[in-house]
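Asks: Pasting in a structure now, in structure tokens, and then I'll have a few things to ask.
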Amino acid sequence: MPNDFLSFFLSWMSSPRQVGAIAPSGAALADLITREISAATGPILELGPGTGAFTYKLLKRGVRPQDLTLIEYGSDFMKLLQMRFPGARVLWMDAAQLATHRLYDGAPVGAVVSGLPLLNMSTRKAVSILGGAFSYLRPGGAFYQFTYGMSCPVPRPVLDRLGLRAKLVDRALLNVPPAAVYRLTRRPQLKIVAGSVAPGSSTRVAAEVDC
Ligand SMILES: C[S@@+](CC[C@H](N)C(=O)[O-])C[C@H]1O[C@@H](n2cnc3c(N)ncnc32)[C@H](O)[C@@H]1O
């Protein structure tokens, strides 16, 4: 929406590091980051929705409003989201606190869509956010993150620590500025059947970082 540019710009002026962009994401990036999601994905956790550029696209893809939980730290954005998406659960909170709130019973979430400016955050904060989000993701679920950087916005040591792997989904060259989307998933656990490792023990595959 045209008005979103002004409200986004004003928010960026007051908290540039937290907002992380001077304008909302465009249609090409919204298309890309939601490309693998449909109504069948089930509950979706969106982090840093801002004015809702990705949220609108998720609804267009058939995601039910009641399957959407939006986590936003900017109070003006939060009020706007509550008005725009009355059927969704909109929470005013720091995404780094995900693990300390019980947002779901168990881990039913099919996908996390993140617009958070991860590159502006400390490693400690990024670990809290990813750890919290993955605690709600069901097996096989994916965390989608965009970046304006040239490589994966989650450094290799963080992926190793959390047992995750990252794969480039694609680049949205038409976005201003051009952006890329990465899919983060849990590394599969491999059973060791022979050798010196005790029977029944498991190990993780090496990091597969496509960055
Ligand atoms: C780069 S903007 C992306 C907004 C929107 N997803 C888009 O693509 O247009 C980052 C958003 O993350 C929010 N944000 C930043 N840090 C956050 C945090 N710790 N917890 C929740 N939201 C946060 C900002 O308020 C802002 O709305």
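Residues in the structure tokens are named by chain (A, B, ... in the order shown) and by number from 1 within that chain; ligands are numbered from 1 in the order shown.
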Tell me which protein, DNA and RNA residues are within 9 Å of Ala88 (chain A), counting only C-alpha atoms, leaving out same-chain ones fewer than 5 positions away, and put them as a PyMOL selection string.
Replies: chain A and resi 64-70+81-82
Asks: Create the file for the chosen residues now, containing C-alpha atoms and written as a JSON list (two decimals), in the first residue's frame.
Replies:
[["chain", "number", "residue", "atom", "x", "y", "z"],
["A", 64, "ARG", "CA", -6.24, -19.32, 7.02],
["A", 65, "PRO", "CA", -6.09, -16.16, 9.20],
["A", 66, "GLN", "CA", -6.51, -18.29, 12.32],
["A", 67, "ASP", "CA", -3.35, -20.20, 11.35],
["A", 68, "LEU", "CA", -1.28, -17.01, 11.48],
["A", 69, "THR", "CA", 0.67, -15.79, 14.50],
["A", 70, "LEU", "CA", 2.43, -12.46, 13.90],
["A", 81, "LEU", "CA", -1.35, -5.35, 11.92],
["A", 82, "GLN", "CA", -4.16, -5.79, 14.46]]
Asks: Pick out each residue of region 121-187 of chain A that DSSP on the backbone tags as helix (DSSP H, G or I); I need them as a ChimeraX atom specification.
Replies: /A:123-136,156-162
Asks: Could you give me the residues within 8 Å of ligand 1, counting only C-alpha atoms and all ligand atoms, as number ranges by chain?
Replies: A: 11, 17-26, 29-30, 47-54, 71-75, 77, 92-96, 114-117
Asks: At a cut-off of 10 Å, can you tabulate as a tab-separated table every residue of region 26-121 of chain A near region 163-171 of chain A together with its closest atom pair and the distance in Å to one decimal, using only C-alpha atoms and ordering rows by chain then number?
Replies:
residue	atom	partner	partner_atom	distance
A:Ala28	CA	A:Arg171	CA	9.3
A:Leu29	CA	A:Arg171	CA	8.2
A:Leu32	CA	A:Asp170	CA	7.4
A:Ile33	CA	A:Val169	CA	8.2
A:Arg35	CA	A:Val169	CA	9.3
A:Glu36	CA	A:Val169	CA	9.5
Asks: Residues at most 8 Å from region 123-126 of chain A, counting only C-alpha atoms, excluding those fewer than 5 positions away in the same chain, as a list in words?
Replies: Ala96, Leu118, Val154 and Val158 of chain A
Asks: Take the residues that were just selected and, keeping N, CA and C atoms, output them as a JSON list (two decimals), in the first residue's frame.
Replies:
[["chain", "number", "residue", "atom", "x", "y", "z"],
["A", 96, "ALA", "N", 13.09, -12.58, 20.31],
["A", 96, "ALA", "CA", 14.10, -13.30, 21.09],
["A", 96, "ALA", "C", 13.49, -13.95, 22.34],
["A", 118, "LEU", "N", 18.17, -9.86, 10.83],
["A", 118, "LEU", "CA", 19.09, -10.72, 11.60],
["A", 118, "LEU", "C", 20.53, -10.20, 11.59],
["A", 154, "VAL", "N", 22.68, -16.33, 8.48],
["A", 154, "VAL", "CA", 22.97, -17.06, 9.73],
["A", 154, "VAL", "C", 24.35, -17.69, 9.58],
["A", 158, "VAL", "N", 26.61, -20.71, 14.09],
["A", 158, "VAL", "CA", 25.26, -20.71, 14.68],
["A", 158, "VAL", "C", 24.46, -21.90, 14.15]]
Asks: Smallest atom-to-atom distance to Ser38 (chain A): which of A:Leu98, A:Gly110, A:Leu91, A:Tyr148, using only C-alpha atoms?
Replies: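 Going through A:Leu98, A:Gly110, A:Leu91, A:Tyr148 one by one, the smallest distance to Ser38 (chain A) is for A:Gly110.
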Asks: With DSSP run on the backbone, what are the strand (DSSP E or B) residues within chain A? I'd like them as a PyMOL selection string.
Replies: chain A and resi 44-47+68-72+89-92+109-114+137-147+164-172+179-186+189-191+202-204+209
Asks: Please determine, counting only C-alpha atoms, which residue among A:Ile37, A:Ala142, A:Leu162, A:Leu103 has the shortest atom-to-atom distance to Thr55 (chain A).
Replies: A:Ile37
Asks: Would you list the contacts of Ala107 (chain A) as a list of chain:residue names, taking every protein, DNA or RNA residue within 9 Å and counting only C-alpha atoms, but skipping same-chain residues closer than 6 positions in sequence?
Replies: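 Non-adjacent residues within range: A:Phe134, A:Ser135, A:Tyr136, A:Leu137, A:Arg138, A:Pro139.
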